[in-house]
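Visitor: Below: one structure in structure tokens.
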Amino acid sequence: MGKTIHRREALRRMGLGVASLCMLPLAGLTADKRRPNIILMVADNLGRESVEYYGRNLYKTPNLDRMASEGVVFHNCLIATPLCAPARCGWNTGRHPYRVGLNDQPDPEDPESGMSREEVTIAEVLRDAGYHTALFGKWNLGYDKKFNPLFQGFDEFYGSNAGHADYYTHLYDLDMRSHFFRGLTPVEDKGYFDELFTDEAVAFLKRRQHIQKPFYMNLCFYAPHNPFQAAPGYYHNVDPEENYRTMIEYLDQCAGRVLQTVDELKMTENTLIVFLSDQGASHVNDYSRDLTEGGLKVVCNARWPGQIPKGSRVHAAWVHYDLFTTFAAFAGAEIPKDRIIDGKDVRILFRGENPENTRTLCWTYQNEDAIRMGDWKLHTIDGRVKGLYELNKDPEERKDVSVDHPGKVKQMQEYLATWKAECKAGQTSTARSGKTYPVRNHNNNY
């Protein structure tokens, strides 16, 4: 713990601050309004076909559908890397996982494999701003004790470090060990993982009812990641598809319990709730863990009555690591200025506004790279052009127009190469030896 405190004090001496426009109030948010509680609920491998508000509704998710109707639905929230651990790295640090040096899953057999403690998380940023912080559920950013979320700004932790696990025995199939903890202490609590995590989240909310200090709660479900096991109250079927259905329906019930508790405790008007999935591909859709729009577009909606317009639909593109900067802005918190923060302040999107897509976004995963400039999207494989697509005309990326636009291809390739080189030069693996990040003057607004 001492190392973490020392780092944060050092950051203060180096001069932490808020991006130039982060402190602009959200429409309707008055100066005397208390800073909001923030709840981030995350599903694991939940595709957009699973909920009604993206048009398909293969399963019954009435609670999530109601939450979406009461706030804003984001049609172009994109994930930074379509894999569990990098996704978690993104919203926790506000940085692209490739820049952090964590673009793959941590190795449970490697005590050095995980997100470096040199990273500053949203939990640290909010705790420094006076928030109480808690994480319930999946962490997946390192198995060794030094990677425990208590060392990354969380006041409370009840969950598992494993990428996935048996929902009832809690054993991870790669090493047949349990990575289930309360704080730093291993636990052997009995029950279905997501039920246990939700129970803990509800108890946390009840404890906070009469406490004025705002809180940040991250509730990370395992559902509907495999293994496909029937949820509590459902018959375990030999058909994995039926079990998968029950897992999604039970996930919805868990989210509904959180929403109901917030409402019953009369926290609704001062609580921002965001629901997110960690990748676009799922067990039942046709997408893969790749950099196509289908693999990158995730479920995302938010509710904050009186602040987020009811029934809003936002089509502007943004990336899930923008939650880092946006949460900090809502909280009036300071963000690190000693490193590049990729996340932008997208509160304008939470107002339901739809600005023009002019932002440049980059991805890299395995041997594939992609770059999006506004509505143009370029894919490369091993550095060779795979295709250029006009997303406003071709959202499924089916018609390659690279031959017709060689100048655009060259521009995007050059930008992508520069971005990759910059990220690689500052990856956190070098930070363990004391290297610091360059100070950048950049606009953290959409």
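Just remember, in the structure tokens the first chain shown is A, the second B, etc., residues are 1-based per chain, and ligands are 1-based in the order shown.
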List as a short mmCIF file (atom, residue, chain, number, x, y, z; two decimals) with N, CA and C atoms, in the first residue's frame the protein and nucleic acid residues near segment 121-129 of chain A, meaning an atom at most 8 Å away when only C-alpha atoms are counted, but skip any in the same chain fewer than 5 places from it.
Guide:
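Just written: part04.cif:
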```cif
data_model
loop_
_atom_site.label_atom_id
_atom_site.label_comp_id
_atom_site.auth_asym_id
_atom_site.auth_seq_id
_atom_site.Cartn_x
_atom_site.Cartn_y
_atom_site.Cartn_z
N TRP A 91 -11.43 1.18 -19.15
CA TRP A 91 -12.27 2.09 -18.36
C TRP A 91 -11.63 2.42 -17.02
N ASN A 92 -10.75 1.55 -16.52
CA ASN A 92 -10.10 1.84 -15.24
C ASN A 92 -9.03 2.91 -15.36
N THR A 93 -8.33 2.97 -16.48
CA THR A 93 -7.19 3.89 -16.61
C THR A 93 -7.45 5.07 -17.53
N GLY A 94 -8.49 5.00 -18.38
CA GLY A 94 -8.71 6.05 -19.36
C GLY A 94 -7.70 6.01 -20.49
N GLN A 152 -5.25 -0.31 -6.03
CA GLN A 152 -5.55 0.55 -7.17
C GLN A 152 -6.74 1.47 -6.90
N GLY A 153 -6.91 1.86 -5.65
CA GLY A 153 -7.88 2.90 -5.33
C GLY A 153 -9.21 2.44 -4.80
N PHE A 154 -9.45 1.14 -4.73
CA PHE A 154 -10.74 0.67 -4.23
C PHE A 154 -10.68 0.49 -2.71
N TYR A 216 -18.45 5.57 -5.63
CA TYR A 216 -18.30 4.96 -6.95
C TYR A 216 -18.34 3.46 -6.75
N PHE A 324 -13.61 7.09 -18.03
CA PHE A 324 -12.64 7.55 -17.03
C PHE A 324 -12.70 9.07 -16.90
N PHE A 327 -16.42 10.38 -15.96
CA PHE A 327 -16.74 10.22 -14.54
C PHE A 327 -15.99 11.25 -13.70
N ALA A 328 -14.72 11.45 -14.02
CA ALA A 328 -13.94 12.45 -13.28
C ALA A 328 -14.55 13.84 -13.43
N ALA A 331 -17.59 14.26 -11.36
CA ALA A 331 -17.26 14.32 -9.94
C ALA A 331 -16.45 15.56 -9.57
N GLY A 332 -16.04 16.35 -10.55
CA GLY A 332 -15.17 17.48 -10.27
C GLY A 332 -13.80 17.03 -9.80
N ALA A 333 -13.34 15.91 -10.30
CA ALA A 333 -12.08 15.30 -9.86
C ALA A 333 -10.94 15.67 -10.78
N GLU A 334 -9.73 15.56 -10.27
CA GLU A 334 -8.52 15.85 -11.03
C GLU A 334 -8.04 14.59 -11.75
N ILE A 335 -7.61 14.75 -12.99
CA ILE A 335 -7.08 13.62 -13.74
C ILE A 335 -5.57 13.80 -13.92
#
```
Visitor: For Leu391 of chain A, find every residue with an atom within 9 Å (counting only C-alpha atoms), except residues of its own chain fewer than 5 positions away, and show them as a ChimeraX atom specification.
Guide: /A:374-377,396-397
Visitor: What's around Pro108 of chain A at 10 Å? Count only C-alpha atoms, leave out sequence neighbours fewer than 3 positions away in its own chain, and write the answer as a ChimeraX atom specification.
Guide: /A:105,111-114,140,142-144,161-163,172,174-175,177,179
Visitor: So which one's closest to Ser277 of chain A, A:Lys206, A:Arg48, A:Arg66, A:Lys420? Using only C-alpha atoms, please.
Guide: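 Nearest candidate to Ser277 of chain A out of A:Lys206, A:Arg48, A:Arg66, A:Lys420: A:Arg48.
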Visitor: Which neighbours of Ile248 of chain A fall inside 8 Å, counting only C-alpha atoms, when residues of the same chain fewer than 4 positions from it are skipped, and could you give them as a PyMOL selection string?
Guide: chain A and resi 50+59-61+223-224+244+252
Visitor: Could you save those same residues with N, CA and C atoms as a PDB file, in the first residue's frame?
Guide:
```
ATOM      1  N   SER A  50     -29.018  -9.142 -27.391  1.00  0.00           N
ATOM      2  CA  SER A  50     -29.657  -9.687 -26.199  1.00  0.00           C
ATOM      3  C   SER A  50     -30.677  -8.759 -25.568  1.00  0.00           C
ATOM      4  N   TYR A  59     -33.737 -12.198 -25.796  1.00  0.00           N
ATOM      5  CA  TYR A  59     -33.988 -12.696 -24.454  1.00  0.00           C
ATOM      6  C   TYR A  59     -34.842 -11.689 -23.675  1.00  0.00           C
ATOM      7  N   LYS A  60     -35.337 -12.107 -22.546  1.00  0.00           N
ATOM      8  CA  LYS A  60     -36.165 -11.239 -21.724  1.00  0.00           C
ATOM      9  C   LYS A  60     -35.285 -10.438 -20.764  1.00  0.00           C
ATOM     10  N   THR A  61     -35.193  -9.142 -21.021  1.00  0.00           N
ATOM     11  CA  THR A  61     -34.376  -8.265 -20.169  1.00  0.00           C
ATOM     12  C   THR A  61     -35.190  -7.024 -19.801  1.00  0.00           C
ATOM     13  N   ALA A 223     -21.637 -13.124 -16.078  1.00  0.00           N
ATOM     14  CA  ALA A 223     -22.592 -13.508 -17.125  1.00  0.00           C
ATOM     15  C   ALA A 223     -22.543 -12.537 -18.296  1.00  0.00           C
ATOM     16  N   PRO A 224     -22.772 -13.066 -19.523  1.00  0.00           N
ATOM     17  CA  PRO A 224     -23.038 -14.484 -19.816  1.00  0.00           C
ATOM     18  C   PRO A 224     -21.813 -15.240 -20.351  1.00  0.00           C
ATOM     19  N   TYR A 244     -27.640 -20.634 -21.306  1.00  0.00           N
ATOM     20  CA  TYR A 244     -27.199 -19.286 -21.698  1.00  0.00           C
ATOM     21  C   TYR A 244     -28.349 -18.289 -21.568  1.00  0.00           C
ATOM     22  N   ASP A 252     -30.152  -9.797 -15.980  1.00  0.00           N
ATOM     23  CA  ASP A 252     -31.118  -8.700 -15.983  1.00  0.00           C
ATOM     24  C   ASP A 252     -31.756  -8.536 -14.605  1.00  0.00           C
TER      25      ASP A 252
END
```
Visitor: May I have all residues of segment 204-259 of chain A that DSSP, computed from the backbone, assigns to helix (DSSP H, G or I), given as a PyMOL selection string?
Guide: chain A and resi 204-207+240-259
Visitor: Taking only C-alpha atoms into account, produce a table as a tab-separated table in which each residue of segment 36-155 of chain A with an atom at most 9 Å from an atom of segment 200-203 of chain A appears once, together with its shortest atom pair and the distance in Å to one decimal, ordered by chain and rising number.
Guide:
```
residue	atom	partner	partner_atom	distance
A:Ala134	CA	A:Ala201	CA	8.7
A:Leu135	CA	A:Ala201	CA	8.6
A:Phe136	CA	A:Ala201	CA	6.7
```
Visitor: In Å, rounded to a single decimal, give me how far atom CA of Pro232 of chain A is from atom CA of Lys190 of chain A.
Guide: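 Computing the Euclidean distance for atom CA of Lys190 of chain A and atom CA of Pro232 of chain A yields 12.4 Å.
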Visitor: Can you list every residue of segment 243-309 of chain A that has an atom at most 12 Å from segment 234-238 of chain A, with its nearest atom pair and the distance in Å to one decimal, using only C-alpha atoms, ordered by chain then number, as a Markdown table?
Guide:
```
| residue | atom | partner | partner_atom | distance |
| --- | --- | --- | --- | --- |
| A:Asn243 | CA | A:Asn237 | CA | 6.1 |
| A:Tyr244 | CA | A:Asn237 | CA | 9.8 |
| A:Arg245 | CA | A:Tyr234 | CA | 10.1 |
| A:Thr246 | CA | A:Tyr234 | CA | 6.8 |
| A:Met247 | CA | A:Tyr234 | CA | 9.1 |
| A:Ile248 | CA | A:Tyr234 | CA | 11.7 |
| A:Glu249 | CA | A:Tyr234 | CA | 10.1 |
| A:Tyr250 | CA | A:Tyr234 | CA | 9.1 |
```
Visitor: Using only C-alpha atoms, which of the listed residues (A:Met115, A:Val100, A:Leu276, A:Leu291) sits closest to Asn45 of chain A?
Guide: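 The shortest atom-to-atom distance to Asn45 of chain A comes from A:Leu276.
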Visitor: If we count only C-alpha atoms, what is near Ala302 of chain A at a cut-off of 7 Å, once residues fewer than 6 positions away on the same chain are taken out, given as a list in words?
Guide: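 Listing them by chain and then by number gives Ala68, Gly71, Val72, Val73, Ile273, Val274 and Phe275 of chain A.
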Visitor: Could you take the residues named above and write them with N, CA and C atoms, as a PDB file, in the first residue's frame?
Guide:
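Result saved to again.pdb:
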```
ATOM      1  N   ALA A  68     -32.913   1.591 -19.979  1.00  0.00           N
ATOM      2  CA  ALA A  68     -32.584   2.275 -21.235  1.00  0.00           C
ATOM      3  C   ALA A  68     -33.654   3.302 -21.591  1.00  0.00           C
ATOM      4  N   GLY A  71     -33.299   6.726 -19.816  1.00  0.00           N
ATOM      5  CA  GLY A  71     -32.101   7.532 -19.998  1.00  0.00           C
ATOM      6  C   GLY A  71     -31.648   7.568 -21.441  1.00  0.00           C
ATOM      7  N   VAL A  72     -30.364   7.330 -21.657  1.00  0.00           N
ATOM      8  CA  VAL A  72     -29.778   7.426 -22.986  1.00  0.00           C
ATOM      9  C   VAL A  72     -29.237   6.074 -23.427  1.00  0.00           C
ATOM     10  N   VAL A  73     -29.426   5.751 -24.701  1.00  0.00           N
ATOM     11  CA  VAL A  73     -28.845   4.563 -25.323  1.00  0.00           C
ATOM     12  C   VAL A  73     -27.765   5.022 -26.284  1.00  0.00           C
ATOM     13  N   ILE A 273     -26.033   5.982 -13.327  1.00  0.00           N
ATOM     14  CA  ILE A 273     -25.845   4.541 -13.500  1.00  0.00           C
ATOM     15  C   ILE A 273     -25.557   4.266 -14.971  1.00  0.00           C
ATOM     16  N   VAL A 274     -24.466   3.571 -15.229  1.00  0.00           N
ATOM     17  CA  VAL A 274     -24.088   3.189 -16.592  1.00  0.00           C
ATOM     18  C   VAL A 274     -24.049   1.669 -16.671  1.00  0.00           C
ATOM     19  N   PHE A 275     -24.638   1.120 -17.726  1.00  0.00           N
ATOM     20  CA  PHE A 275     -24.552  -0.318 -17.995  1.00  0.00           C
ATOM     21  C   PHE A 275     -23.752  -0.499 -19.279  1.00  0.00           C
TER      22      PHE A 275
END
```
Visitor: Which one is closest to Leu102 of chain A: A:Thr271, A:Gln366, A:Gln307, A:Asn392? Count only C-alpha atoms.
Guide: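 Distance minimum relative to Leu102 of chain A lands on A:Gln366.
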